[in-house]
Amino acid sequence: MKKLSARRRHPLAALVVLLLALACTGGLYAAFAPADKAQADETAQSLAIDEGKKLYSVGCASCHGTDGQGTTDGPSLVGVGAAAVDFQVGTGRMPAQQPGAQVPRKKNIYSQAEIDQLAAYVASLGAGPTVPTKEQYGPEGADIAKGGDLFRTNCAQCHNFTGKGGALTHGKYAPTLEGVDPKHIYEAMETGPQNMPSFPDGTLSEQNKKDIIAYLNAVNGDESESRGGLELGGIGPVAEGLFGWIFGLGTLIAVAVWVAARTAKAKKS
C-alpha cells in the first residue's frame, strides 16, 4: 500500500504538464509563424506578378514590348516602378487609344485589383517608385500655407495658380488638378508623367508633397470662395486683367460708336 501511494501523482501534475505543452506550442509558433507568413506573402506576390504579366501581354506588350523593354510606339517600363503604373492605368491614360502629342485622362478599364497586379509585374522588371500609402498623401499634419508657396514656385507655371491647368507647346497641355485623387497627384510628382518633371524626395520631400496636395484640396474644395469675382478659369491675374481690359475697353468703344451713330441719325432726321 505504501508503494502505491508513493507512485500516486500530485493533483497539480496534470496542470503542470498542460502548461508545459502550451509553452512549447507557443514557442514553436513563435519560431515558425514569421517564416510561414513571409512565405505566404512571397507566394501572393508571385501570383500577383504572374497575373499582372498576363494582363500586360494583352493590354500593354504591343507598345511597350513583350518584356517591357520598349518599342518605337512606347517607352521602356524597366525601372518606372509600381507608382507609374498605378497613375497611368488608374487615371485611364493607359492603355492609350491612339498616339498623339499627349495622352488624355479617361475612364479606366481595369479594376484596382488588376491595376495592382500590373503594377506588381512592372515593378518586378526593375526597382522604381512604389505606390504611396494614405499616410503619405493624406491631410493629417499638412501645412496648407507652405503647400501654396511650394505649388506657386514649382507647379503654377504650367498648372496655373489653383491647378486649373493650361496650354503648353506643340499641342501639349498641363491638365487640371481639380477632382484628381490625392494619391494620383502624389504619384505624378514622384514619377513625372509625360511632359511633367519628376520631383523625387530629394527635390520635394514627402512632407512637401503632402503640403501641396493639402493646398490643392483647400483651394479647389467646395468650401473655397473666390473673392475676386469671375475667376476665368484661374489663369492668373495678368491674363485675367488683360482679358478684362480688352473686352471691357472693346465694349466701351462699341457703346460709344453706337451712341454716336444714333446721335448722327437723329440730327439728320
# chains A, B, ... in the order shown; residues from 1 in each chain; ligands from 1

call {"tool": "closest_atom_pairs", "arguments": {"of": "range 164-187 of chain A", "to": "range 103-124 of chain A", "cutoff": "10 Å", "atoms": "only C-alpha atoms", "output": "CSV"}}
result
residue,atom,partner,partner_atom,distance
A:Lys172,CA,A:Val103,CA,9.2
A:Tyr173,CA,A:Pro104,CA,9.6
A:Pro175,CA,A:Pro104,CA,8.5

call {"tool": "select_by_dssp", "arguments": {"residues": "range 131-203 of chain A", "states": "helix (DSSP H, G or I)", "output": "tab-separated table (two decimals) with N, CA and C atoms, in the first residue's frame"}}
result
chain	number	residue	atom	x	y	z
A	134	LYS	N	-1.70	55.94	-47.71
A	134	LYS	CA	-2.59	57.05	-47.38
A	134	LYS	C	-1.94	58.02	-46.41
A	135	GLU	N	-1.06	57.52	-45.56
A	135	GLU	CA	-0.35	58.39	-44.61
A	135	GLU	C	0.56	59.38	-45.34
A	136	GLN	N	1.03	59.00	-46.52
A	136	GLN	CA	1.94	59.87	-47.26
A	136	GLN	C	1.21	61.02	-47.96
A	137	TYR	N	0.00	60.78	-48.44
A	137	TYR	CA	-0.70	61.84	-49.17
A	137	TYR	C	-1.95	62.36	-48.45
A	144	ILE	N	-0.99	73.83	-45.19
A	144	ILE	CA	-1.61	74.32	-46.42
A	144	ILE	C	-0.90	75.57	-46.95
A	145	ALA	N	-0.53	76.48	-46.06
A	145	ALA	CA	0.14	77.71	-46.49
A	145	ALA	C	1.48	77.41	-47.16
A	146	LYS	N	2.25	76.52	-46.56
A	146	LYS	CA	3.52	76.14	-47.16
A	146	LYS	C	3.30	75.41	-48.47
A	147	GLY	N	2.24	74.60	-48.53
A	147	GLY	CA	1.91	73.91	-49.77
A	147	GLY	C	1.61	74.89	-50.90
A	148	GLY	N	0.94	76.00	-50.56
A	148	GLY	CA	0.66	77.02	-51.56
A	148	GLY	C	1.93	77.66	-52.08
A	149	ASP	N	2.87	77.96	-51.19
A	149	ASP	CA	4.15	78.52	-51.61
A	149	ASP	C	4.91	77.56	-52.53
A	150	LEU	N	4.93	76.29	-52.14
A	150	LEU	CA	5.63	75.28	-52.94
A	150	LEU	C	4.96	75.10	-54.30
A	151	PHE	N	3.64	75.12	-54.32
A	151	PHE	CA	2.92	74.94	-55.58
A	151	PHE	C	3.18	76.11	-56.52
A	152	ARG	N	3.12	77.33	-56.01
A	152	ARG	CA	3.34	78.51	-56.85
A	152	ARG	C	4.78	78.56	-57.37
A	153	THR	N	5.71	78.02	-56.60
A	153	THR	CA	7.11	78.02	-57.02
A	153	THR	C	7.41	76.95	-58.05
A	154	ASN	N	6.83	75.76	-57.88
A	154	ASN	CA	7.22	74.61	-58.69
A	154	ASN	C	6.20	74.17	-59.74
A	156	ALA	N	2.88	76.19	-60.62
A	156	ALA	CA	1.93	77.15	-61.18
A	156	ALA	C	2.29	77.58	-62.60
A	157	GLN	N	3.57	77.47	-62.98
A	157	GLN	CA	3.97	77.88	-64.32
A	157	GLN	C	3.21	77.09	-65.39
A	158	CYS	N	2.86	75.87	-65.09
A	158	CYS	CA	2.14	75.03	-66.05
A	158	CYS	C	0.67	74.83	-65.65
A	159	HIS	N	0.45	74.54	-64.37
A	159	HIS	CA	-0.91	74.19	-63.92
A	159	HIS	C	-1.73	75.39	-63.47
A	182	PRO	N	-5.91	62.39	-54.61
A	182	PRO	CA	-4.63	62.80	-54.00
A	182	PRO	C	-3.51	61.78	-54.22
A	183	LYS	N	-3.85	60.52	-54.24
A	183	LYS	CA	-2.82	59.50	-54.48
A	183	LYS	C	-2.20	59.68	-55.86
A	184	HIS	N	-3.01	59.98	-56.85
A	184	HIS	CA	-2.50	60.16	-58.21
A	184	HIS	C	-1.67	61.44	-58.33
A	185	ILE	N	-2.03	62.49	-57.58
A	185	ILE	CA	-1.22	63.71	-57.59
A	185	ILE	C	0.16	63.41	-57.01
A	186	TYR	N	0.20	62.66	-55.91
A	186	TYR	CA	1.47	62.28	-55.29
A	186	TYR	C	2.30	61.45	-56.28
A	187	GLU	N	1.67	60.50	-56.94
A	187	GLU	CA	2.38	59.64	-57.90
A	187	GLU	C	2.90	60.44	-59.08
A	188	ALA	N	2.13	61.45	-59.52
A	188	ALA	CA	2.59	62.28	-60.63
A	188	ALA	C	3.84	63.05	-60.24
A	189	MET	N	3.87	63.60	-59.03
A	189	MET	CA	5.05	64.31	-58.57
A	189	MET	C	6.24	63.36	-58.45
A	190	GLU	N	5.97	62.15	-58.06
A	190	GLU	CA	7.03	61.17	-57.84
A	190	GLU	C	7.61	60.63	-59.16
A	191	THR	N	6.76	60.46	-60.17
A	191	THR	CA	7.18	59.78	-61.40
A	191	THR	C	7.35	60.71	-62.60

call {"tool": "closest_residue", "arguments": {"among": "A:Leu242, A:Ala256, A:Val89, A:Leu168", "to": "Ala101 in chain A", "atoms": "only C-alpha atoms"}}
result
A:Leu168

call {"tool": "closest_residue", "arguments": {"among": "A:Asp67, A:Glu178, A:Asp36, A:Glu140", "to": "Asn220 in chain A", "atoms": "only C-alpha atoms"}}
result
A:Glu178

call {"tool": "residues_around", "arguments": {"residues": "Ser57 in chain A", "least_positions_apart": "4", "cutoff": "7 Å", "atoms": "only C-alpha atoms", "output": "list in words"}}
result
Lys53, Ala61 and Thr66 of chain A

call {"tool": "write_last_selection", "arguments": {"atoms": "N, CA and C atoms", "output": "JSON list (two decimals), in the first residue's frame"}}
result
[["chain", "number", "residue", "atom", "x", "y", "z"],
["A", 53, "LYS", "N", 1.46, 39.80, -65.45],
["A", 53, "LYS", "CA", 2.11, 39.53, -66.73],
["A", 53, "LYS", "C", 1.09, 39.15, -67.80],
["A", 61, "ALA", "N", 1.82, 44.96, -74.11],
["A", 61, "ALA", "CA", 3.01, 44.46, -74.78],
["A", 61, "ALA", "C", 3.14, 44.96, -76.21],
["A", 66, "THR", "N", 7.38, 42.89, -75.27],
["A", 66, "THR", "CA", 6.96, 41.70, -74.53],
["A", 66, "THR", "C", 7.55, 41.64, -73.13]]

call {"tool": "atom_distance", "arguments": {"atom1": "CA of Gly59 in chain A", "atom2": "CA of Ala127 in chain A"}}
result
21.8 Å

call {"tool": "atom_distance", "arguments": {"atom1": "CA of Ala214 in chain A", "atom2": "CA of Gly163 in chain A"}}
result
12.3 Å
